[in-house]
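Chemist: Contents of model_4.txt (compact mmCIF, C-alpha atoms and all ligand atoms) are below:
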```txt
# COMPACT_ATOMS: atom_id res chain seq x y z
CA MET A 45 -14.46 -14.60 3.68
CA LYS A 46 -14.37 -15.55 7.36
CA LYS A 47 -17.61 -15.65 9.40
CA ASP A 48 -16.80 -12.56 11.48
CA ILE A 49 -15.09 -9.17 11.13
CA LEU A 50 -13.58 -8.53 14.55
CA THR A 51 -10.49 -6.84 13.17
CA ILE A 52 -9.20 -5.99 9.69
CA LEU A 53 -6.77 -8.88 10.17
CA ASP A 54 -9.79 -11.18 9.65
CA LEU A 55 -9.73 -10.09 6.00
CA THR A 56 -7.34 -10.83 3.14
CA LYS A 57 -6.29 -8.30 0.52
CA THR A 58 -8.67 -10.06 -1.88
CA ASP A 59 -11.53 -9.68 0.63
CA ILE A 60 -10.84 -5.96 1.11
CA ASP A 61 -10.48 -5.27 -2.61
CA TYR A 62 -13.79 -7.10 -3.17
CA LEU A 63 -15.56 -5.07 -0.43
CA LEU A 64 -14.20 -1.81 -1.89
CA LYS A 65 -15.39 -2.68 -5.39
CA ARG A 66 -18.78 -3.84 -4.13
CA ALA A 67 -19.30 -0.77 -1.92
CA VAL A 68 -18.68 1.48 -4.95
CA GLU A 69 -21.24 -0.57 -6.96
CA LEU A 70 -23.82 -0.41 -4.16
CA LYS A 71 -23.29 3.35 -3.86
CA TYR A 72 -23.84 3.73 -7.60
CA MET A 73 -27.01 1.61 -7.43
CA GLN A 74 -28.41 3.72 -4.61
CA LYS A 75 -27.64 6.97 -6.47
CA GLN A 76 -29.45 5.54 -9.52
CA GLY A 77 -32.47 4.72 -7.38
CA ILE A 78 -32.11 1.00 -8.09
CA LEU A 79 -33.87 -0.99 -5.40
CA TYR A 80 -31.89 -3.99 -4.19
CA ARG A 81 -33.55 -6.01 -1.45
CA PRO A 82 -31.82 -9.36 -1.02
CA PHE A 83 -32.41 -9.47 2.76
CA THR A 84 -36.21 -9.76 2.98
CA GLY A 85 -36.90 -11.69 6.18
CA LYS A 86 -33.35 -11.26 7.53
CA THR A 87 -32.56 -9.49 10.81
CA LEU A 88 -29.46 -7.63 11.94
CA GLY A 89 -29.05 -7.26 15.72
CA LEU A 90 -27.18 -4.30 17.17
CA ILE A 91 -25.73 -4.28 20.69
CA PHE A 92 -24.13 -0.91 21.46
CA ASP A 93 -22.56 -0.33 24.89
CA LYS A 94 -21.17 3.05 23.77
CA PRO A 95 -22.90 5.99 22.03
CA SER A 96 -23.00 6.17 18.23
CA THR A 97 -24.54 8.34 15.54
CA ARG A 98 -22.88 7.29 12.27
CA THR A 99 -22.21 3.62 12.86
CA ARG A 100 -25.58 2.77 14.37
CA VAL A 101 -27.61 4.77 11.85
CA SER A 102 -25.57 3.55 8.87
CA PHE A 103 -25.91 -0.10 9.95
CA GLU A 104 -29.66 0.27 10.54
CA THR A 105 -30.20 2.15 7.28
CA ALA A 106 -28.03 -0.28 5.32
CA MET A 107 -30.11 -3.21 6.58
CA ILE A 108 -33.40 -1.45 5.76
CA GLN A 109 -32.22 -0.47 2.27
CA LEU A 110 -31.18 -4.09 1.66
CA GLY A 111 -34.72 -5.20 2.53
CA GLY A 112 -33.95 -6.57 6.00
CA THR A 113 -34.78 -5.47 9.52
CA PRO A 114 -32.38 -3.96 12.07
CA LEU A 115 -33.09 -4.76 15.69
CA PHE A 116 -31.47 -2.55 18.31
CA ILE A 117 -30.89 -4.66 21.42
CA SER A 118 -30.51 -2.39 24.42
CA THR A 119 -28.11 -4.07 26.83
CA LYS A 120 -29.72 -2.61 29.92
CA ASP A 121 -33.13 -4.04 28.94
CA THR A 122 -31.88 -7.55 28.34
CA GLN A 123 -30.62 -10.29 30.64
CA ILE A 124 -27.07 -9.24 29.64
CA ALA A 125 -27.48 -6.50 32.27
CA ARG A 126 -28.27 -9.25 34.81
CA ASP A 127 -25.08 -11.12 33.95
CA GLU A 128 -26.39 -13.81 31.64
CA PRO A 129 -23.15 -15.23 30.25
CA VAL A 130 -22.04 -14.06 26.80
CA ARG A 131 -21.78 -17.66 25.61
CA ASP A 132 -25.47 -18.22 26.42
CA THR A 133 -26.64 -14.93 24.90
CA ALA A 134 -24.60 -15.62 21.75
CA ARG A 135 -26.11 -19.08 21.23
CA VAL A 136 -29.68 -17.87 21.85
CA LEU A 137 -29.40 -14.81 19.55
CA SER A 138 -27.95 -17.07 16.85
CA ARG A 139 -31.29 -18.92 16.80
CA TYR A 140 -33.22 -15.67 16.08
CA ILE A 141 -31.18 -13.24 14.03
CA ASP A 142 -28.86 -13.46 11.01
CA CYS A 143 -25.99 -11.16 12.00
CA LEU A 144 -24.93 -9.15 15.05
CA ALA A 145 -23.01 -5.85 15.14
CA ILE A 146 -21.47 -5.02 18.52
CA ARG A 147 -19.97 -1.79 19.86
CA THR A 148 -18.40 -2.28 23.26
CA PHE A 149 -15.29 -1.75 25.36
CA SER A 150 -13.36 -4.99 25.35
CA GLN A 151 -12.22 -6.83 22.24
CA SER A 152 -12.30 -10.12 24.16
CA LEU A 153 -16.08 -9.74 24.66
CA ILE A 154 -16.74 -9.69 20.91
CA GLU A 155 -14.28 -12.55 20.46
CA GLU A 156 -16.34 -14.58 22.93
CA PHE A 157 -19.54 -13.65 21.07
CA ALA A 158 -17.92 -14.81 17.81
CA GLN A 159 -16.75 -18.07 19.36
CA PHE A 160 -20.21 -19.03 20.59
CA SER A 161 -22.34 -17.60 17.74
CA SER A 162 -23.18 -19.43 14.57
CA ILE A 163 -24.05 -16.07 12.93
CA PRO A 164 -21.53 -13.43 11.75
CA ILE A 165 -20.33 -10.98 14.41
CA ILE A 166 -19.20 -7.51 13.28
CA ASN A 167 -17.03 -5.21 15.36
CA ALA A 168 -18.75 -1.81 15.34
CA LEU A 169 -15.93 -0.37 17.55
CA THR A 170 -14.08 -1.59 20.59
CA ASP A 171 -11.36 0.05 22.68
CA LEU A 172 -8.86 -1.73 20.42
CA TYR A 173 -10.22 -1.49 16.86
CA HIS A 174 -12.73 0.16 14.53
CA PRO A 175 -12.42 -2.00 11.41
CA CYS A 176 -15.59 -0.98 9.54
CA GLN A 177 -14.62 2.68 9.92
CA VAL A 178 -11.26 2.16 8.25
CA LEU A 179 -12.73 -0.01 5.48
CA SER A 180 -15.10 2.81 4.55
CA ASP A 181 -12.27 5.32 4.91
CA ILE A 182 -10.19 3.39 2.39
CA MET A 183 -13.17 3.56 0.05
CA THR A 184 -13.05 7.36 0.40
CA VAL A 185 -9.30 7.38 -0.25
CA LEU A 186 -9.91 5.27 -3.36
CA GLU A 187 -12.58 7.66 -4.64
CA LYS A 188 -10.58 10.79 -3.97
CA LYS A 189 -7.08 9.57 -4.87
CA GLY A 190 -7.82 6.86 -7.45
CA GLY A 191 -6.13 4.14 -5.39
CA TYR A 192 -4.44 3.37 -2.11
CA ASN A 193 -0.97 2.55 -3.43
CA ASN A 194 1.87 5.06 -3.71
CA ILE A 195 0.24 7.64 -1.49
CA LYS A 196 1.34 8.85 1.92
CA ILE A 197 -1.25 8.56 4.68
CA ALA A 198 -0.47 10.53 7.84
CA TRP A 199 -2.19 9.84 11.14
CA ILE A 200 -1.89 12.78 13.54
CA GLY A 201 -2.80 12.38 17.22
CA ASP A 202 -3.74 9.54 19.52
CA GLY A 203 -2.58 5.97 18.79
CA ASN A 204 -6.12 4.72 19.38
CA ASN A 205 -8.60 2.15 18.07
CA VAL A 206 -8.95 3.83 14.65
CA ALA A 207 -5.15 4.14 14.35
CA HIS A 208 -4.84 0.42 15.17
CA SER A 209 -7.22 -0.45 12.35
CA TRP A 210 -5.19 1.73 9.95
CA ILE A 211 -2.06 -0.14 11.04
CA ASN A 212 -3.77 -3.47 10.33
CA ALA A 213 -5.03 -2.22 6.97
CA SER A 214 -1.53 -1.13 6.10
CA ALA A 215 -0.18 -4.58 6.96
CA ILE A 216 -2.64 -6.21 4.56
CA LEU A 217 -2.83 -3.70 1.71
CA GLY A 218 0.76 -2.44 1.84
CA LEU A 219 -0.14 1.14 2.69
CA ASN A 220 2.42 3.86 3.27
CA LEU A 221 1.38 5.00 6.76
CA VAL A 222 3.11 7.47 9.07
CA LEU A 223 1.72 7.99 12.56
CA ALA A 224 2.63 11.03 14.64
CA CYS A 225 1.72 10.45 18.29
CA PRO A 226 3.00 11.97 21.52
CA LYS A 227 5.17 9.81 23.76
CA GLY A 228 2.96 7.67 25.99
CA TYR A 229 0.07 7.80 23.49
CA CYS A 230 1.55 5.65 20.73
CA PRO A 231 -0.29 2.69 19.22
CA ASP A 232 -0.19 -0.61 21.08
CA GLU A 233 3.29 -2.12 20.70
CA MET A 234 2.05 -5.64 19.97
CA ILE A 235 -0.33 -4.47 17.25
CA LEU A 236 2.47 -2.47 15.63
CA LYS A 237 4.98 -5.30 15.96
CA ARG A 238 2.61 -7.85 14.46
CA ALA A 239 1.87 -5.51 11.54
CA LEU A 240 5.56 -4.82 10.92
CA GLU A 241 6.36 -8.54 11.03
CA ARG A 242 4.06 -9.12 8.07
CA GLY A 243 6.51 -7.01 6.08
CA VAL A 244 3.83 -5.74 3.69
CA GLY A 245 3.04 -2.18 4.73
CA ASN A 246 5.41 0.71 5.08
CA ILE A 247 4.55 1.83 8.62
CA HIS A 248 6.53 4.49 10.40
CA LEU A 249 6.02 6.00 13.87
CA THR A 250 7.20 9.49 14.86
CA SER A 251 6.44 12.04 17.55
CA ASP A 252 6.76 14.90 15.04
CA PRO A 253 3.45 15.94 13.39
CA VAL A 254 5.31 18.02 10.78
CA GLU A 255 7.42 15.03 9.72
CA ALA A 256 4.22 13.01 9.28
CA ALA A 257 2.38 15.76 7.44
CA ARG A 258 5.24 16.59 5.03
CA GLY A 259 4.15 15.56 1.52
CA ALA A 260 1.14 13.63 2.84
CA ASP A 261 -1.72 12.84 0.45
CA VAL A 262 -4.08 12.03 3.32
CA LEU A 263 -4.11 13.75 6.70
CA TYR A 264 -6.22 11.92 9.27
CA THR A 265 -7.05 12.76 12.84
CA ASP A 266 -9.46 11.63 15.55
CA VAL A 267 -10.49 12.78 19.03
CA TRP A 268 -7.79 13.04 21.70
CA ALA A 269 -9.95 11.29 24.31
CA SER A 270 -11.89 8.31 23.02
CA MET A 271 -15.11 6.99 24.52
CA GLY A 272 -14.27 5.63 27.95
CA GLN A 273 -11.37 8.10 28.41
CA GLU A 274 -13.51 11.13 29.31
CA LYS A 275 -11.77 11.57 32.68
CA GLU A 276 -8.41 12.06 30.90
CA HIS A 277 -9.78 14.73 28.54
CA GLU A 278 -8.26 17.80 30.25
CA GLU A 279 -4.86 16.17 30.68
CA ARG A 280 -4.89 14.97 27.09
CA LYS A 281 -5.68 18.48 25.81
CA LEU A 282 -2.33 19.61 27.23
CA VAL A 283 -0.35 16.61 25.95
CA PHE A 284 -1.80 16.79 22.43
CA ALA A 285 -1.79 20.60 22.01
CA SER A 286 0.91 20.55 19.29
CA TYR A 287 -0.89 17.77 17.38
CA LYS A 288 -3.84 19.89 16.28
CA LEU A 289 -4.65 19.50 12.59
CA SER A 290 -4.39 23.20 11.74
CA SER A 291 -4.05 25.07 8.44
CA LYS A 292 -0.34 25.45 9.28
CA LEU A 293 0.08 21.67 9.37
CA VAL A 294 -1.92 21.27 6.15
CA GLN A 295 0.63 23.53 4.40
CA TYR A 296 3.31 20.84 4.82
CA ALA A 297 1.18 18.28 3.02
CA SER A 298 0.83 17.76 -0.73
CA GLU A 299 -1.16 20.40 -2.58
CA ASN A 300 -4.18 18.12 -3.10
CA VAL A 301 -4.14 16.57 0.34
CA ILE A 302 -7.45 15.27 1.65
CA VAL A 303 -8.28 15.81 5.32
CA MET A 304 -10.15 13.00 7.04
CA HIS A 305 -11.73 12.57 10.47
CA CYS A 306 -13.96 9.66 11.49
CA LEU A 307 -16.10 12.12 13.53
CA PRO A 308 -17.42 13.25 15.94
CA ALA A 309 -14.95 16.14 15.76
CA HIS A 310 -13.96 18.55 18.52
CA ARG A 311 -13.34 21.84 16.76
CA GLU A 312 -10.25 23.71 17.95
CA GLU A 313 -9.02 20.61 19.74
CA GLU A 314 -7.70 17.91 17.38
CA ILE A 315 -8.77 19.90 14.28
CA SER A 316 -9.36 23.57 13.55
CA GLU A 317 -12.74 24.80 12.35
CA GLY A 318 -11.03 26.16 9.21
CA VAL A 319 -9.51 22.79 8.26
CA LEU A 320 -12.64 20.76 9.08
CA GLU A 321 -14.80 23.06 6.97
CA GLY A 322 -12.07 23.91 4.45
CA PRO A 323 -11.52 22.87 0.80
CA ASN A 324 -9.35 19.84 1.61
CA SER A 325 -11.82 18.29 4.04
CA VAL A 326 -13.72 15.23 2.79
CA VAL A 327 -15.34 14.34 6.11
CA TRP A 328 -18.97 14.40 4.92
CA ASP A 329 -18.27 12.13 1.94
CA GLN A 330 -16.25 9.99 4.32
CA SER A 331 -19.24 9.72 6.67
CA GLU A 332 -21.59 8.85 3.80
CA ASN A 333 -19.35 6.01 2.68
CA LYS A 334 -19.93 4.23 5.98
CA LEU A 335 -23.42 3.42 4.66
CA HIS A 336 -22.19 1.97 1.37
CA MET A 337 -19.33 -0.02 2.90
CA THR A 338 -21.65 -1.38 5.59
CA LYS A 339 -23.96 -2.68 2.87
CA ALA A 340 -21.05 -4.43 1.17
CA ILE A 341 -19.99 -5.97 4.50
CA LEU A 342 -23.52 -7.15 5.40
CA GLU A 343 -24.03 -8.59 1.94
CA ALA A 344 -20.73 -10.48 2.08
CA LEU A 345 -21.29 -11.87 5.59
CA ILE A 346 -25.04 -12.58 5.63
CA GLY A 347 -24.97 -13.83 2.08
CA ARG A 348 -21.96 -16.05 2.69
CA LYS A 349 -22.29 -19.80 2.43
CA PRO A 350 -21.27 -21.75 5.56
CA ASP A 351 -17.52 -22.50 5.53
CA SER A 352 -16.84 -20.32 2.49
N1 LIG B 1 -17.20 7.42 13.23
C1 LIG B 1 -18.05 6.81 14.08
O1 LIG B 1 -17.93 5.63 14.38
O2 LIG B 1 -19.03 7.62 14.54
P1 LIG B 1 -20.15 7.20 15.63
O3 LIG B 1 -19.45 7.10 16.97
O4 LIG B 1 -21.14 8.32 15.57
O5 LIG B 1 -20.72 5.88 15.23
N1 LIG B 2 -11.50 6.90 18.79
C1 LIG B 2 -12.89 7.29 18.89
C2 LIG B 2 -13.61 6.96 17.64
C3 LIG B 2 -15.05 7.39 17.62
C4 LIG B 2 -15.75 6.99 16.37
C5 LIG B 2 -13.53 6.62 20.10
O1 LIG B 2 -13.29 5.43 20.31
O2 LIG B 2 -14.26 7.28 20.83
```
Mind turning the file's structure into structure tokens?

Modeler:
Amino acid sequence: MKKDILTILDLTKTDIDYLLKRAVELKYMQKQGILYRPFTGKTLGLIFDKPSTRTRVSFETAMIQLGGTPLFISTKDTQIARDEPVRDTARVLSRYIDCLAIRTFSQSLIEEFAQFSSIPIINALTDLYHPCQVLSDIMTVLEKKGGYNNIKIAWIGDGNNVAHSWINASAILGLNLVLACPKGYCPDEMILKRALERGVGNIHLTSDPVEAARGADVLYTDVWASMGQEKEHEERKLVFASYKLSSKLVQYASENVIVMHCLPAHREEEISEGVLEGPNSVVWDQSENKLHMTKAILEALIGRKPDS
């Protein structure tokens, strides 16, 4: 496995299949009450420039359960806030801690961290990608559907960071992915083009949510205005009105469709209360799996031998 996970494209199919298998094992071990503490004396740093409930708490808890120590590094209380260059911060932190998870705006910032760090850097969400989210989501799909092949996954809504990571996952695992996004809010063209050029996944883009939902085994949505887009929220509510994941849309999907949302959810915006709380929704299991997948990721990266 590579040193860093900045995007799902840093992983091979073998890497992802390994992480999925390992996350399921680690989940089983936790449910059995088996203590597993390989990281005594190891430290995970967390730099979060955007809010987080699930990702931050699951990373911190994962590190504690693995016997290590999470260290939340508040940007505003460090010299980062006084413009110490990333390349200096990265080299200094590499001398103290064993891994660094970063949630921030620009993808290029975490790329710079990765370039100048000798420790693994994990993308905990940027404007462009949310790789760990989608890895844990695929674990949920695996648990609920028995596999990720030969199923239709429908993304309904904004062509955002989570959608981009689904596109990348599709390009590596060969997923059947249909994205329904309004004109002007489609996924990044370059990300889509690069994924299509790999010729592995079956990725299709439409502006019609019904076309995407028809026969889908997985219906997935996310907020209409991501972090950093708060000013566009009102305008986006108008543009996305017909993309709400409602019980009517669920009726077009396969009978046993699972409904997914990375959360936080805005009820009666991108998803109705009835669908979020309804029998097809798997969002709480989906949230839980972030913990187990994070453990698998930390184990693989911190435990990795140099140059392996
Ligand atoms: N899904 C997710 O990343 O949630 P948080 O923003 O709470 O971390
Ligand atoms: N697309 C959302 C995901 C939140 C977990 C955002 O970036 O705000």

Chemist: Would you mind listing what lies within 9 Å of Val178 (chain A) as number ranges by chain, with all atoms listed in the file counted and same-chain residues fewer than 5 positions away left out?

Modeler: A: 52, 183, 206-207, 209-210, 213, 306

Chemist: So, with all atoms listed in the file as the atoms that count, which of A:Leu345, A:Ala168, A:Ala106, A:Ala239 lies closest to ligand LIG 2 (chain B)?

Modeler: A:Ala168

Chemist: Name the residues, by chain letter and number, that sit within 10 Å of ligand LIG 2 (chain B) using only C-alpha atoms and all ligand atoms, and give them as a PDB file with C-alpha atoms, in the frame of the given file.

Modeler:
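That gives us selection-v4.pdb:
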```pdb
ATOM      1  CA  LYS A  94     -21.170   3.050  23.770  1.00  0.00           C
ATOM      2  CA  PRO A  95     -22.900   5.990  22.030  1.00  0.00           C
ATOM      3  CA  SER A  96     -23.000   6.170  18.230  1.00  0.00           C
ATOM      4  CA  THR A  97     -24.540   8.340  15.540  1.00  0.00           C
ATOM      5  CA  ARG A  98     -22.880   7.290  12.270  1.00  0.00           C
ATOM      6  CA  THR A  99     -22.210   3.620  12.860  1.00  0.00           C
ATOM      7  CA  ARG A 147     -19.970  -1.790  19.860  1.00  0.00           C
ATOM      8  CA  THR A 148     -18.400  -2.280  23.260  1.00  0.00           C
ATOM      9  CA  PHE A 149     -15.290  -1.750  25.360  1.00  0.00           C
ATOM     10  CA  ALA A 168     -18.750  -1.810  15.340  1.00  0.00           C
ATOM     11  CA  LEU A 169     -15.930  -0.370  17.550  1.00  0.00           C
ATOM     12  CA  THR A 170     -14.080  -1.590  20.590  1.00  0.00           C
ATOM     13  CA  ASP A 171     -11.360   0.050  22.680  1.00  0.00           C
ATOM     14  CA  LEU A 172      -8.860  -1.730  20.420  1.00  0.00           C
ATOM     15  CA  TYR A 173     -10.220  -1.490  16.860  1.00  0.00           C
ATOM     16  CA  HIS A 174     -12.730   0.160  14.530  1.00  0.00           C
ATOM     17  CA  GLN A 177     -14.620   2.680   9.920  1.00  0.00           C
ATOM     18  CA  ASP A 202      -3.740   9.540  19.520  1.00  0.00           C
ATOM     19  CA  GLY A 203      -2.580   5.970  18.790  1.00  0.00           C
ATOM     20  CA  ASN A 204      -6.120   4.720  19.380  1.00  0.00           C
ATOM     21  CA  ASN A 205      -8.600   2.150  18.070  1.00  0.00           C
ATOM     22  CA  VAL A 206      -8.950   3.830  14.650  1.00  0.00           C
ATOM     23  CA  ALA A 207      -5.150   4.140  14.350  1.00  0.00           C
ATOM     24  CA  HIS A 208      -4.840   0.420  15.170  1.00  0.00           C
ATOM     25  CA  THR A 265      -7.050  12.760  12.840  1.00  0.00           C
ATOM     26  CA  ASP A 266      -9.460  11.630  15.550  1.00  0.00           C
ATOM     27  CA  VAL A 267     -10.490  12.780  19.030  1.00  0.00           C
ATOM     28  CA  TRP A 268      -7.790  13.040  21.700  1.00  0.00           C
ATOM     29  CA  ALA A 269      -9.950  11.290  24.310  1.00  0.00           C
ATOM     30  CA  SER A 270     -11.890   8.310  23.020  1.00  0.00           C
ATOM     31  CA  MET A 271     -15.110   6.990  24.520  1.00  0.00           C
ATOM     32  CA  GLY A 272     -14.270   5.630  27.950  1.00  0.00           C
ATOM     33  CA  GLN A 273     -11.370   8.100  28.410  1.00  0.00           C
ATOM     34  CA  GLU A 274     -13.510  11.130  29.310  1.00  0.00           C
ATOM     35  CA  HIS A 305     -11.730  12.570  10.470  1.00  0.00           C
ATOM     36  CA  CYS A 306     -13.960   9.660  11.490  1.00  0.00           C
ATOM     37  CA  LEU A 307     -16.100  12.120  13.530  1.00  0.00           C
ATOM     38  CA  PRO A 308     -17.420  13.250  15.940  1.00  0.00           C
ATOM     39  CA  ALA A 309     -14.950  16.140  15.760  1.00  0.00           C
TER      40      ALA A 309
END
```

Chemist: Please report the interatomic distance between CA of Tyr140 (chain A) and atom O2 of ligand LIG 1 (chain B) in Å with one decimal.

Modeler: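 These atoms are spaced 27.3 Å apart.
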
Chemist: So, counting all atoms listed in the file, which residue among A:Asp142, A:Asp48, A:Glu332, A:Glu299 is closest to ligand LIG 1 (chain B)?

Modeler: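 Closest candidate: A:Glu332.
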
Chemist: Find, counting all atoms listed in the file, the residue in A:Ile211, A:Leu79, A:Ile302, A:Val101 that gets nearest to ligand LIG 1 (chain B).

Modeler: A:Val101

Chemist: Tell me, as a PyMOL selection string, which residues lie within 6 Å of Gly111 (chain A), counting all atoms listed in the file; anything in the same chain fewer than 2 positions away does not count.

Modeler: chain A and resi 81+83-84+108-109

Chemist: How close does each residue of region 67-132 of chain A get to region 185-198 of chain A, giving the shortest atom pair and distance in Å to one decimal for every residue with an atom at most 12 Å away, counting only C-alpha atoms, sorted by chain and residue number, as JSON lines?

Modeler:
```
{"residue": "A:Ala67", "atom": "CA", "partner": "A:Glu187", "partner_atom": "CA", "distance": 11.1}
{"residue": "A:Val68", "atom": "CA", "partner": "A:Glu187", "partner_atom": "CA", "distance": 8.7}
{"residue": "A:Lys71", "atom": "CA", "partner": "A:Glu187", "partner_atom": "CA", "distance": 11.6}
```

Chemist: Centre and edge lengths, as AutoDock Vina command-line options, for the axis-aligned box enclosing every listed atom of ligand LIG 1 (chain B) with 5 Å of padding on each of the six sides, in Å to one decimal?

Modeler:
```
--center_x -19.2 --center_y 7.0 --center_z 15.1 --size_x 13.9 --size_y 12.7 --size_z 13.7
```

Chemist: Could you give me region 156-163 of chain A completed to all heavy atoms, formatted as a PDB file, keeping the file's coordinate frame?

Modeler:
```
ATOM      1  N   GLU A 156     -15.537 -13.527  22.297  1.00  0.00           N
ATOM      2  CA  GLU A 156     -16.340 -14.580  22.930  1.00  0.00           C
ATOM      3  C   GLU A 156     -17.685 -14.728  22.210  1.00  0.00           C
ATOM      4  O   GLU A 156     -18.143 -15.851  21.967  1.00  0.00           O
ATOM      5  CB  GLU A 156     -16.545 -14.242  24.408  1.00  0.00           C
ATOM      6  CG  GLU A 156     -16.979 -15.441  25.219  1.00  0.00           C
ATOM      7  CD  GLU A 156     -17.156 -15.123  26.691  1.00  0.00           C
ATOM      8  OE1 GLU A 156     -16.714 -14.071  27.171  1.00  0.00           O
ATOM      9  OE2 GLU A 156     -17.784 -15.969  27.381  1.00  0.00           O
ATOM     10  N   PHE A 157     -18.303 -13.596  21.841  1.00  0.00           N
ATOM     11  CA  PHE A 157     -19.540 -13.650  21.070  1.00  0.00           C
ATOM     12  C   PHE A 157     -19.311 -14.448  19.782  1.00  0.00           C
ATOM     13  O   PHE A 157     -20.112 -15.306  19.417  1.00  0.00           O
ATOM     14  CB  PHE A 157     -20.024 -12.238  20.703  1.00  0.00           C
ATOM     15  CG  PHE A 157     -21.154 -11.743  21.559  1.00  0.00           C
ATOM     16  CD1 PHE A 157     -20.929 -10.799  22.559  1.00  0.00           C
ATOM     17  CD2 PHE A 157     -22.441 -12.214  21.361  1.00  0.00           C
ATOM     18  CE1 PHE A 157     -21.973 -10.350  23.358  1.00  0.00           C
ATOM     19  CE2 PHE A 157     -23.491 -11.760  22.150  1.00  0.00           C
ATOM     20  CZ  PHE A 157     -23.258 -10.833  23.155  1.00  0.00           C
ATOM     21  N   ALA A 158     -18.204 -14.155  19.101  1.00  0.00           N
ATOM     22  CA  ALA A 158     -17.920 -14.810  17.810  1.00  0.00           C
ATOM     23  C   ALA A 158     -17.719 -16.305  18.015  1.00  0.00           C
ATOM     24  O   ALA A 158     -18.175 -17.131  17.217  1.00  0.00           O
ATOM     25  CB  ALA A 158     -16.694 -14.169  17.174  1.00  0.00           C
ATOM     26  N   GLN A 159     -17.040 -16.650  19.098  1.00  0.00           N
ATOM     27  CA  GLN A 159     -16.750 -18.070  19.360  1.00  0.00           C
ATOM     28  C   GLN A 159     -18.030 -18.882  19.567  1.00  0.00           C
ATOM     29  O   GLN A 159     -18.130 -20.024  19.118  1.00  0.00           O
ATOM     30  CB  GLN A 159     -15.844 -18.164  20.596  1.00  0.00           C
ATOM     31  CG  GLN A 159     -15.342 -19.568  20.857  1.00  0.00           C
ATOM     32  CD  GLN A 159     -14.615 -19.669  22.210  1.00  0.00           C
ATOM     33  OE1 GLN A 159     -14.212 -18.652  22.791  1.00  0.00           O
ATOM     34  NE2 GLN A 159     -14.465 -20.874  22.696  1.00  0.00           N
ATOM     35  N   PHE A 160     -19.009 -18.272  20.234  1.00  0.00           N
ATOM     36  CA  PHE A 160     -20.210 -19.030  20.590  1.00  0.00           C
ATOM     37  C   PHE A 160     -21.410 -18.764  19.672  1.00  0.00           C
ATOM     38  O   PHE A 160     -22.474 -19.343  19.863  1.00  0.00           O
ATOM     39  CB  PHE A 160     -20.590 -18.770  22.055  1.00  0.00           C
ATOM     40  CG  PHE A 160     -19.628 -19.431  22.999  1.00  0.00           C
ATOM     41  CD1 PHE A 160     -18.558 -18.727  23.544  1.00  0.00           C
ATOM     42  CD2 PHE A 160     -19.765 -20.779  23.300  1.00  0.00           C
ATOM     43  CE1 PHE A 160     -17.647 -19.343  24.398  1.00  0.00           C
ATOM     44  CE2 PHE A 160     -18.853 -21.402  24.152  1.00  0.00           C
ATOM     45  CZ  PHE A 160     -17.793 -20.690  24.698  1.00  0.00           C
ATOM     46  N   SER A 161     -21.239 -17.888  18.670  1.00  0.00           N
ATOM     47  CA  SER A 161     -22.340 -17.600  17.740  1.00  0.00           C
ATOM     48  C   SER A 161     -22.164 -18.394  16.467  1.00  0.00           C
ATOM     49  O   SER A 161     -21.045 -18.574  15.989  1.00  0.00           O
ATOM     50  CB  SER A 161     -22.347 -16.112  17.355  1.00  0.00           C
ATOM     51  OG  SER A 161     -22.512 -15.304  18.476  1.00  0.00           O
ATOM     52  N   SER A 162     -23.276 -18.816  15.897  1.00  0.00           N
ATOM     53  CA  SER A 162     -23.180 -19.430  14.570  1.00  0.00           C
ATOM     54  C   SER A 162     -23.404 -18.373  13.478  1.00  0.00           C
ATOM     55  O   SER A 162     -23.207 -18.632  12.301  1.00  0.00           O
ATOM     56  CB  SER A 162     -24.193 -20.565  14.434  1.00  0.00           C
ATOM     57  OG  SER A 162     -25.487 -20.057  14.701  1.00  0.00           O
ATOM     58  N   ILE A 163     -23.822 -17.167  13.890  1.00  0.00           N
ATOM     59  CA  ILE A 163     -24.050 -16.070  12.930  1.00  0.00           C
ATOM     60  C   ILE A 163     -22.819 -15.157  12.884  1.00  0.00           C
ATOM     61  O   ILE A 163     -22.016 -15.163  13.830  1.00  0.00           O
ATOM     62  CB  ILE A 163     -25.295 -15.233  13.338  1.00  0.00           C
ATOM     63  CG1 ILE A 163     -25.148 -14.750  14.805  1.00  0.00           C
ATOM     64  CG2 ILE A 163     -26.573 -16.036  13.148  1.00  0.00           C
ATOM     65  CD1 ILE A 163     -26.162 -13.711  15.219  1.00  0.00           C
TER      66      ILE A 163
END
```
